[in-house]
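A short worksheet on the structure shown next.
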Amino acid sequence: MSTTAAPARQHVPGPRRDAGPEEAVDTVIDEACRSLHLPTIRGRVSEMAEEAMRQRSSYKDFLADLLEAECAEREERRKQRLVREANFPRPKRLEDFDFTENPNVTPELVGTLADPAWVKAGQPLCLIGDSGTGKSHLLIGIGTAMAEAGLKVRYTTTVNLVNELAEAADEKKLARTIARYGRVDLLCLDEFGYLDLDKAGAKLLFQIFTEREERRAIAIASNAPFSEWKQTFTDPRLCTAIVDRVTFNAHIVETGTDSYRFAQSQKKQRRR
């Protein structure tokens, strides 16, 4: 006759026999929180127990407060992890964008883009404007907002992405790399159109757009209007196909031609 072993139970060490009643309880709570991976409850239980006694909270209310604190802290750590994994080059937030310096970008427009609905719908975003008009700030700020909303985001520049894809192709890992980029909810592609791409590089980039088309959102920042993209993508047919994919159902934001950075430099010069 065969017997099935009972599943092993997690063992929480009991208090030392020479410990006082309060110290014994603290030890049990500490060890249980370690075992169950509840760092927030472990760190705040004494403080919250004192507050519960002052408020004459019920046992259920006290337990609910503990669990709520643990969940809130865990969610905050998750947001920080998603922002960190997005690989932004520097911190930028939408609330720090100076709308007075660029009237082309309105708070209402940014508020719409801060809502993750367009990302979940797989819609593209194109930020078009000259250097210094806030494109990268908006791109990183929007990406940060999406990561904090619980979505997987990845930031890269166009040249870095093409180089990564070329290296992956040389190492016979192209399909795996494209699939990895295809899994993120939002791909933020900066400095789009800054450098000319040969046909091979354009084809590699086209595969990324094809993989994500109408399923996963992509946001690009470019200093060139669509009419000038043929200078970046020297193959006219590839250029047309890429423009079609990044503009279909897209949010298109034109940040203008007046450089915010240049205006700030002029102000500093006048103060001297």
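Labeling convention for the structure tokens: chains A, B, ... as they appear, residues from 1 per chain, ligands from 1 in order of appearance.
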Report as JSON lines the residues of stretch 80-131 of chain A within 8 Å of stretch 221-225 of chain A, each with its shortest atom pair and distance in Å (one decimal), using only C-alpha atoms, ordered by chain and increasing residue number.
```
{"residue": "A:Cys126", "atom": "CA", "partner": "A:Ala221", "partner_atom": "CA", "distance": 6.1}
{"residue": "A:Leu127", "atom": "CA", "partner": "A:Ala221", "partner_atom": "CA", "distance": 4.6}
{"residue": "A:Ile128", "atom": "CA", "partner": "A:Ser222", "partner_atom": "CA", "distance": 5.1}
{"residue": "A:Gly129", "atom": "CA", "partner": "A:Asn223", "partner_atom": "CA", "distance": 4.9}
{"residue": "A:Asp130", "atom": "CA", "partner": "A:Asn223", "partner_atom": "CA", "distance": 4.8}
{"residue": "A:Ser131", "atom": "CA", "partner": "A:Asn223", "partner_atom": "CA", "distance": 6.2}
```
Residue neighbourhood stretch 70-82 of chain A, 10 Å, only C-alpha atoms, exclusion window fewer than 4 positions, as an MDAnalysis selection string: chainID A and resid 38:42 44 64:66 86:87 144:154
Neighbour list for stretch 136-138 of chain A as an MDAnalysis selection string, cut-off 12 Å, only C-alpha atoms, skip fewer than 5 positions in-chain: chainID A and resid 88:99 102 105:107 109:111 113:114 125:131 143:145 155:157 188:192 219:223 253:255 260:261
For the residues in that selection, give me N, CA and C atoms as a tab-separated table (two decimals), in the first residue's frame.
```tsv
chain	number	residue	atom	x	y	z
A	88	PHE	N	14.70	54.54	-18.33
A	88	PHE	CA	14.74	55.95	-18.72
A	88	PHE	C	16.12	56.53	-18.43
A	89	PRO	N	16.62	57.42	-19.30
A	89	PRO	CA	17.97	57.97	-19.10
A	89	PRO	C	18.05	58.98	-17.97
A	90	ARG	N	16.92	59.59	-17.62
A	90	ARG	CA	16.87	60.59	-16.55
A	90	ARG	C	15.42	60.73	-16.10
A	91	PRO	N	15.20	61.18	-14.88
A	91	PRO	CA	13.81	61.33	-14.40
A	91	PRO	C	13.13	62.55	-15.00
A	92	LYS	N	11.95	62.36	-15.53
A	92	LYS	CA	11.11	63.45	-16.04
A	92	LYS	C	9.66	63.10	-15.72
A	93	ARG	N	8.92	64.10	-15.23
A	93	ARG	CA	7.52	63.86	-14.90
A	93	ARG	C	6.65	64.86	-15.65
A	94	LEU	N	5.43	64.45	-15.97
A	94	LEU	CA	4.53	65.31	-16.72
A	94	LEU	C	4.16	66.56	-15.92
A	95	GLU	N	4.03	66.42	-14.60
A	95	GLU	CA	3.65	67.58	-13.79
A	95	GLU	C	4.74	68.63	-13.74
A	96	ASP	N	5.95	68.29	-14.16
A	96	ASP	CA	7.05	69.27	-14.18
A	96	ASP	C	7.18	69.97	-15.53
A	97	PHE	N	6.35	69.60	-16.50
A	97	PHE	CA	6.44	70.23	-17.83
A	97	PHE	C	5.94	71.67	-17.73
A	98	ASP	N	6.69	72.60	-18.30
A	98	ASP	CA	6.35	74.02	-18.23
A	98	ASP	C	5.49	74.40	-19.43
A	99	PHE	N	4.18	74.41	-19.23
A	99	PHE	CA	3.25	74.72	-20.31
A	99	PHE	C	3.35	76.17	-20.76
A	102	ASN	N	5.74	76.49	-23.70
A	102	ASN	CA	5.37	75.88	-24.98
A	102	ASN	C	3.85	75.81	-25.09
A	105	VAL	N	1.62	72.75	-26.42
A	105	VAL	CA	1.26	71.60	-25.59
A	105	VAL	C	0.38	72.09	-24.45
A	106	THR	N	-0.83	71.57	-24.35
A	106	THR	CA	-1.78	72.03	-23.33
A	106	THR	C	-1.92	71.00	-22.21
A	107	PRO	N	-2.29	71.46	-21.01
A	107	PRO	CA	-2.53	70.51	-19.91
A	107	PRO	C	-3.61	69.49	-20.24
A	109	LEU	N	-4.31	68.20	-23.19
A	109	LEU	CA	-3.72	67.19	-24.07
A	109	LEU	C	-2.87	66.22	-23.27
A	110	VAL	N	-2.03	66.76	-22.40
A	110	VAL	CA	-1.17	65.90	-21.58
A	110	VAL	C	-2.00	65.03	-20.64
A	111	GLY	N	-3.11	65.60	-20.14
A	111	GLY	CA	-3.99	64.81	-19.28
A	111	GLY	C	-4.55	63.60	-20.01
A	113	LEU	N	-3.08	62.02	-22.49
A	113	LEU	CA	-1.97	61.07	-22.71
A	113	LEU	C	-1.51	60.42	-21.41
A	114	ALA	N	-1.86	61.02	-20.27
A	114	ALA	CA	-1.51	60.42	-18.98
A	114	ALA	C	-2.47	59.29	-18.61
A	125	LEU	N	1.69	56.98	-30.60
A	125	LEU	CA	1.82	58.39	-30.24
A	125	LEU	C	3.04	58.94	-30.97
A	126	CYS	N	2.86	60.07	-31.67
A	126	CYS	CA	3.97	60.72	-32.36
A	126	CYS	C	4.16	62.12	-31.80
A	127	LEU	N	5.35	62.38	-31.27
A	127	LEU	CA	5.72	63.71	-30.79
A	127	LEU	C	6.67	64.30	-31.81
A	128	ILE	N	6.22	65.34	-32.51
A	128	ILE	CA	6.98	65.89	-33.62
A	128	ILE	C	7.32	67.35	-33.32
A	129	GLY	N	8.59	67.71	-33.42
A	129	GLY	CA	8.98	69.10	-33.19
A	129	GLY	C	10.48	69.26	-33.21
A	130	ASP	N	10.92	70.51	-33.23
A	130	ASP	CA	12.35	70.78	-33.26
A	130	ASP	C	13.01	70.44	-31.93
A	131	SER	N	14.33	70.40	-31.94
A	131	SER	CA	15.09	70.14	-30.72
A	131	SER	C	14.81	71.22	-29.68
A	143	GLY	N	5.89	57.94	-20.40
A	143	GLY	CA	6.32	56.58	-20.09
A	143	GLY	C	6.33	56.31	-18.60
A	144	THR	N	6.80	57.29	-17.82
A	144	THR	CA	6.81	57.14	-16.37
A	144	THR	C	5.40	57.00	-15.82
A	145	ALA	N	4.48	57.82	-16.32
A	145	ALA	CA	3.08	57.74	-15.88
A	145	ALA	C	2.48	56.38	-16.20
A	155	TYR	N	12.10	52.20	-22.67
A	155	TYR	CA	12.62	53.38	-23.38
A	155	TYR	C	13.94	53.03	-24.06
A	156	THR	N	14.11	53.52	-25.29
A	156	THR	CA	15.39	53.40	-25.98
A	156	THR	C	15.45	54.46	-27.08
A	157	THR	N	16.64	54.70	-27.57
A	157	THR	CA	16.76	55.58	-28.74
A	157	THR	C	16.70	54.72	-29.99
A	188	CYS	N	8.84	53.29	-25.89
A	188	CYS	CA	9.16	54.71	-26.09
A	188	CYS	C	10.43	54.80	-26.92
A	189	LEU	N	10.30	55.34	-28.12
A	189	LEU	CA	11.42	55.38	-29.06
A	189	LEU	C	11.82	56.84	-29.29
A	190	ASP	N	12.96	57.22	-28.74
A	190	ASP	CA	13.42	58.61	-28.79
A	190	ASP	C	14.40	58.81	-29.95
A	191	GLU	N	14.60	60.10	-30.31
A	191	GLU	CA	15.55	60.49	-31.36
A	191	GLU	C	15.28	59.77	-32.67
A	192	PHE	N	14.01	59.70	-33.00
A	192	PHE	CA	13.58	59.04	-34.24
A	192	PHE	C	13.81	60.01	-35.40
A	219	ALA	N	5.40	54.88	-28.76
A	219	ALA	CA	5.48	56.35	-28.73
A	219	ALA	C	6.84	56.76	-29.26
A	220	ILE	N	6.85	57.65	-30.23
A	220	ILE	CA	8.11	58.10	-30.81
A	220	ILE	C	8.24	59.61	-30.67
A	221	ALA	N	9.47	60.06	-30.55
A	221	ALA	CA	9.78	61.49	-30.55
A	221	ALA	C	10.73	61.76	-31.71
A	222	SER	N	10.32	62.66	-32.60
A	222	SER	CA	11.12	62.92	-33.81
A	222	SER	C	11.25	64.41	-34.04
A	223	ASN	N	12.43	64.82	-34.49
A	223	ASN	CA	12.63	66.24	-34.84
A	223	ASN	C	12.34	66.51	-36.31
A	253	VAL	N	1.21	64.87	-31.73
A	253	VAL	CA	1.43	66.10	-30.98
A	253	VAL	C	2.59	66.85	-31.62
A	254	GLU	N	2.32	68.05	-32.09
A	254	GLU	CA	3.37	68.89	-32.66
A	254	GLU	C	3.83	69.88	-31.60
A	255	THR	N	5.09	69.73	-31.19
A	255	THR	CA	5.61	70.58	-30.11
A	255	THR	C	6.20	71.89	-30.60
A	260	TYR	N	12.77	75.57	-26.14
A	260	TYR	CA	12.66	75.94	-24.72
A	260	TYR	C	14.05	76.10	-24.11
A	261	ARG	N	14.96	75.20	-24.45
A	261	ARG	CA	16.31	75.26	-23.90
A	261	ARG	C	17.02	76.53	-24.35
```
Close residues, A:Ile29 itself excluded, 9 Å, only C-alpha atoms, min 5 positions apart in chain, as number ranges by chain: A: 24, 34, 42, 45
Nearest to A:Trp229, chosen from A:Asp196, A:Glu108, A:Glu211, A:Asp170, with only C-alpha atoms counted in the distances: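 Closest candidate: A:Asp196.
Excluding A:Gly201 and any residue on its chain fewer than 5 positions from it, the residues at most 9 Å away by only C-alpha atoms are Val162, Asn163, Leu165, Ala166, Phe206 and Phe233 of chain A.
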Backbone-only DSSP, strand (DSSP E) members of stretch 2-148 of chain A, as a list in words: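 Answer for stretch 2-148 of chain A restricted to strand (DSSP E) is Leu125, Cys126, Leu127, Ile128 and Gly129 of chain A.
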Suppose we keep C-alpha atoms; can you now write the selection as a PDB file, in the first residue's frame?
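Produced file selection.pdb, reproduced below:
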```pdb
ATOM      1  CA  LEU A 125       1.822  58.390 -30.239  1.00  0.00           C
ATOM      2  CA  CYS A 126       3.968  60.722 -32.360  1.00  0.00           C
ATOM      3  CA  LEU A 127       5.716  63.712 -30.787  1.00  0.00           C
ATOM      4  CA  ILE A 128       6.984  65.891 -33.622  1.00  0.00           C
ATOM      5  CA  GLY A 129       8.978  69.101 -33.192  1.00  0.00           C
TER       6      GLY A 129
END
```
One-decimal distance in Å that lies between atom CA of A:Asn160 and atom CA of A:Leu197: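 Between atom CA of A:Leu197 and atom CA of A:Asn160 the gap is 12.1 Å.
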Residue contacts of A:Asp235 (10 Å, only C-alpha atoms) excluding same-chain residues fewer than 3 positions away, as a ChimeraX atom specification: /A:197-200,202-203,230-232,238-240
For atom CA of A:Arg54 and atom CA of A:Glu22, the interatomic separation in Å (one decimal): 18.0 Å
Would you please extract all alpha helix (DSSP H) residues from stretch 165-228 of chain A, as assigned by DSSP on the backbone, and give them as a short mmCIF file (atom, residue, chain, number, x, y, z; two decimals) with all heavy atoms, in the first residue's frame?
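Everything below was put into result06.cif:
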```
data_model
loop_
_atom_site.label_atom_id
_atom_site.label_comp_id
_atom_site.auth_asym_id
_atom_site.auth_seq_id
_atom_site.Cartn_x
_atom_site.Cartn_y
_atom_site.Cartn_z
N LEU A 165 19.21 45.28 -32.51
CA LEU A 165 18.60 44.32 -33.44
C LEU A 165 19.64 43.75 -34.40
O LEU A 165 19.62 42.55 -34.71
CB LEU A 165 17.48 45.00 -34.22
CG LEU A 165 16.26 45.43 -33.41
CD1 LEU A 165 15.31 46.25 -34.28
CD2 LEU A 165 15.53 44.24 -32.81
N ALA A 166 20.57 44.58 -34.86
CA ALA A 166 21.62 44.11 -35.77
C ALA A 166 22.52 43.09 -35.07
O ALA A 166 22.88 42.06 -35.67
CB ALA A 166 22.44 45.29 -36.28
N GLU A 167 22.89 43.37 -33.83
CA GLU A 167 23.71 42.42 -33.07
C GLU A 167 22.96 41.12 -32.84
O GLU A 167 23.53 40.02 -32.92
CB GLU A 167 24.11 43.05 -31.73
CG GLU A 167 25.11 44.20 -31.86
CD GLU A 167 25.40 44.87 -30.54
OE1 GLU A 167 24.94 44.35 -29.49
OE2 GLU A 167 26.08 45.92 -30.53
N ALA A 168 21.66 41.22 -32.55
CA ALA A 168 20.85 40.02 -32.33
C ALA A 168 20.76 39.19 -33.60
O ALA A 168 20.81 37.95 -33.56
CB ALA A 168 19.46 40.42 -31.85
N ALA A 169 20.66 39.87 -34.75
CA ALA A 169 20.61 39.14 -36.02
C ALA A 169 21.91 38.40 -36.28
O ALA A 169 21.91 37.25 -36.73
CB ALA A 169 20.30 40.12 -37.16
N ASP A 170 23.04 39.05 -35.97
CA ASP A 170 24.34 38.41 -36.15
C ASP A 170 24.50 37.19 -35.25
O ASP A 170 25.16 36.22 -35.62
CB ASP A 170 25.46 39.41 -35.85
CG ASP A 170 25.56 40.52 -36.90
OD1 ASP A 170 25.01 40.32 -38.01
OD2 ASP A 170 26.15 41.58 -36.60
N LEU A 174 17.57 37.22 -33.28
CA LEU A 174 16.69 38.32 -33.67
C LEU A 174 15.24 38.06 -33.26
O LEU A 174 14.58 38.95 -32.72
CB LEU A 174 16.78 38.55 -35.18
CG LEU A 174 15.93 39.70 -35.73
CD1 LEU A 174 16.33 41.02 -35.08
CD2 LEU A 174 16.05 39.80 -37.24
N ALA A 175 14.74 36.86 -33.52
CA ALA A 175 13.34 36.56 -33.20
C ALA A 175 13.07 36.72 -31.71
O ALA A 175 12.02 37.25 -31.31
CB ALA A 175 12.99 35.14 -33.66
N ARG A 176 14.02 36.28 -30.89
CA ARG A 176 13.86 36.40 -29.44
C ARG A 176 13.85 37.86 -29.00
O ARG A 176 13.06 38.26 -28.15
CB ARG A 176 15.01 35.65 -28.74
CG ARG A 176 14.86 35.54 -27.23
CD ARG A 176 16.11 34.96 -26.60
NE ARG A 176 16.53 33.73 -27.29
CZ ARG A 176 17.67 33.11 -27.03
NH1 ARG A 176 18.52 33.61 -26.13
NH2 ARG A 176 17.98 32.00 -27.67
N THR A 177 14.73 38.67 -29.60
CA THR A 177 14.80 40.09 -29.24
C THR A 177 13.54 40.82 -29.66
O THR A 177 12.99 41.63 -28.90
CB THR A 177 16.03 40.74 -29.89
OG1 THR A 177 17.21 40.05 -29.48
CG2 THR A 177 16.15 42.21 -29.48
N ILE A 178 13.05 40.56 -30.86
CA ILE A 178 11.82 41.19 -31.33
C ILE A 178 10.65 40.79 -30.45
O ILE A 178 9.79 41.62 -30.10
CB ILE A 178 11.55 40.83 -32.80
CG1 ILE A 178 12.59 41.51 -33.70
CG2 ILE A 178 10.14 41.23 -33.22
CD1 ILE A 178 12.50 41.11 -35.16
N ALA A 179 10.60 39.52 -30.06
CA ALA A 179 9.51 39.05 -29.18
C ALA A 179 9.57 39.74 -27.83
O ALA A 179 8.52 40.08 -27.24
CB ALA A 179 9.60 37.54 -29.01
N ARG A 180 10.79 39.98 -27.33
CA ARG A 180 10.93 40.66 -26.03
C ARG A 180 10.40 42.08 -26.10
O ARG A 180 9.70 42.54 -25.19
CB ARG A 180 12.41 40.65 -25.61
CG ARG A 180 12.71 41.42 -24.34
CD ARG A 180 14.04 41.00 -23.75
NE ARG A 180 15.10 41.03 -24.74
CZ ARG A 180 15.77 42.13 -25.10
NH1 ARG A 180 15.46 43.30 -24.55
NH2 ARG A 180 16.75 42.06 -25.98
N TYR A 181 10.71 42.79 -27.18
CA TYR A 181 10.18 44.14 -27.35
C TYR A 181 8.67 44.11 -27.63
O TYR A 181 7.97 45.08 -27.34
CB TYR A 181 10.91 44.87 -28.48
CG TYR A 181 12.18 45.53 -28.04
CD1 TYR A 181 13.42 44.95 -28.28
CD2 TYR A 181 12.15 46.75 -27.35
CE1 TYR A 181 14.60 45.55 -27.86
CE2 TYR A 181 13.32 47.36 -26.94
CZ TYR A 181 14.54 46.76 -27.19
OH TYR A 181 15.70 47.36 -26.76
N GLY A 182 8.20 43.01 -28.18
CA GLY A 182 6.77 42.89 -28.46
C GLY A 182 5.93 42.69 -27.23
O GLY A 182 4.72 42.92 -27.25
N ARG A 183 6.56 42.30 -26.12
CA ARG A 183 5.79 42.02 -24.90
C ARG A 183 5.54 43.25 -24.04
O ARG A 183 4.65 43.24 -23.20
CB ARG A 183 6.50 40.94 -24.07
CG ARG A 183 6.37 39.54 -24.64
CD ARG A 183 6.84 38.50 -23.65
NE ARG A 183 8.26 38.58 -23.38
CZ ARG A 183 9.20 37.92 -24.07
NH1 ARG A 183 8.84 37.14 -25.08
NH2 ARG A 183 10.48 38.03 -23.77
N LYS A 199 19.11 50.36 -45.67
CA LYS A 199 17.95 49.49 -45.90
C LYS A 199 17.89 48.38 -44.87
O LYS A 199 16.79 48.02 -44.39
CB LYS A 199 18.02 48.90 -47.31
CG LYS A 199 16.75 48.18 -47.73
CD LYS A 199 16.78 47.83 -49.20
CE LYS A 199 15.48 47.18 -49.64
NZ LYS A 199 15.47 46.89 -51.10
N ALA A 200 19.05 47.84 -44.48
CA ALA A 200 19.07 46.75 -43.51
C ALA A 200 18.55 47.22 -42.16
O ALA A 200 17.74 46.55 -41.51
CB ALA A 200 20.49 46.19 -43.37
N GLY A 201 19.03 48.40 -41.72
CA GLY A 201 18.58 48.94 -40.44
C GLY A 201 17.11 49.26 -40.45
O GLY A 201 16.39 49.02 -39.47
N ALA A 202 16.61 49.84 -41.56
CA ALA A 202 15.20 50.17 -41.68
C ALA A 202 14.34 48.91 -41.64
O ALA A 202 13.26 48.90 -41.03
CB ALA A 202 14.95 50.94 -42.96
N LYS A 203 14.80 47.84 -42.26
CA LYS A 203 14.04 46.58 -42.25
C LYS A 203 13.94 46.01 -40.83
O LYS A 203 12.89 45.50 -40.43
CB LYS A 203 14.70 45.56 -43.17
CG LYS A 203 14.37 45.75 -44.64
CD LYS A 203 14.97 44.62 -45.47
CE LYS A 203 14.53 44.74 -46.92
NZ LYS A 203 15.11 43.64 -47.76
N LEU A 204 15.03 46.11 -40.08
CA LEU A 204 15.02 45.62 -38.70
C LEU A 204 14.02 46.41 -37.86
O LEU A 204 13.24 45.84 -37.09
CB LEU A 204 16.42 45.73 -38.09
CG LEU A 204 17.47 44.77 -38.66
CD1 LEU A 204 18.85 45.13 -38.13
CD2 LEU A 204 17.13 43.33 -38.30
N LEU A 205 14.03 47.74 -38.02
CA LEU A 205 13.11 48.59 -37.27
C LEU A 205 11.66 48.31 -37.69
O LEU A 205 10.75 48.29 -36.83
CB LEU A 205 13.46 50.06 -37.51
CG LEU A 205 12.79 51.09 -36.59
CD1 LEU A 205 13.13 50.82 -35.13
CD2 LEU A 205 13.22 52.49 -36.98
N PHE A 206 11.46 48.06 -38.96
CA PHE A 206 10.13 47.77 -39.47
C PHE A 206 9.55 46.51 -38.81
O PHE A 206 8.34 46.44 -38.56
CB PHE A 206 10.19 47.59 -40.99
CG PHE A 206 8.87 47.27 -41.62
CD1 PHE A 206 7.87 48.22 -41.70
CD2 PHE A 206 8.64 46.00 -42.14
CE1 PHE A 206 6.65 47.91 -42.29
CE2 PHE A 206 7.42 45.69 -42.73
CZ PHE A 206 6.43 46.65 -42.81
N GLN A 207 10.40 45.56 -38.52
CA GLN A 207 9.91 44.33 -37.87
C GLN A 207 9.37 44.61 -36.47
O GLN A 207 8.41 43.96 -36.04
CB GLN A 207 11.04 43.31 -37.81
CG GLN A 207 11.43 42.74 -39.16
CD GLN A 207 12.47 41.65 -39.04
OE1 GLN A 207 12.23 40.59 -38.46
NE2 GLN A 207 13.66 41.91 -39.58
N ILE A 208 9.96 45.57 -35.78
CA ILE A 208 9.45 45.96 -34.46
C ILE A 208 8.06 46.55 -34.59
O ILE A 208 7.13 46.21 -33.83
CB ILE A 208 10.40 46.96 -33.78
CG1 ILE A 208 11.73 46.30 -33.41
CG2 ILE A 208 9.75 47.58 -32.54
CD1 ILE A 208 11.65 45.31 -32.26
N PHE A 209 7.88 47.45 -35.56
CA PHE A 209 6.57 48.07 -35.77
C PHE A 209 5.53 47.03 -36.17
O PHE A 209 4.39 47.08 -35.71
CB PHE A 209 6.66 49.16 -36.85
CG PHE A 209 7.43 50.37 -36.42
CD1 PHE A 209 8.46 50.87 -37.19
CD2 PHE A 209 7.14 51.02 -35.23
CE1 PHE A 209 9.17 52.00 -36.80
CE2 PHE A 209 7.85 52.14 -34.83
CZ PHE A 209 8.86 52.63 -35.61
N THR A 210 5.92 46.09 -37.02
CA THR A 210 5.00 45.05 -37.46
C THR A 210 4.59 44.16 -36.29
O THR A 210 3.41 43.79 -36.16
CB THR A 210 5.64 44.21 -38.58
OG1 THR A 210 5.98 45.06 -39.68
CG2 THR A 210 4.69 43.13 -39.05
N GLU A 211 5.54 43.82 -35.44
CA GLU A 211 5.26 42.96 -34.28
C GLU A 211 4.25 43.61 -33.34
O GLU A 211 3.42 42.93 -32.73
CB GLU A 211 6.57 42.68 -33.54
CG GLU A 211 6.43 41.91 -32.23
CD GLU A 211 6.05 40.46 -32.43
OE1 GLU A 211 6.20 39.96 -33.57
OE2 GLU A 211 5.61 39.82 -31.46
N ARG A 212 4.30 44.94 -33.23
CA ARG A 212 3.46 45.64 -32.26
C ARG A 212 2.18 46.22 -32.87
O ARG A 212 1.31 46.70 -32.12
CB ARG A 212 4.27 46.79 -31.63
CG ARG A 212 5.55 46.34 -30.95
CD ARG A 212 6.26 47.51 -30.31
NE ARG A 212 5.44 48.14 -29.29
CZ ARG A 212 5.31 47.69 -28.04
NH1 ARG A 212 5.96 46.61 -27.66
NH2 ARG A 212 4.54 48.31 -27.17
#
```
Separation of atom CA of A:Arg215 from atom CA of A:Pro124, in Å and rounded to one decimal: 10.0 Å
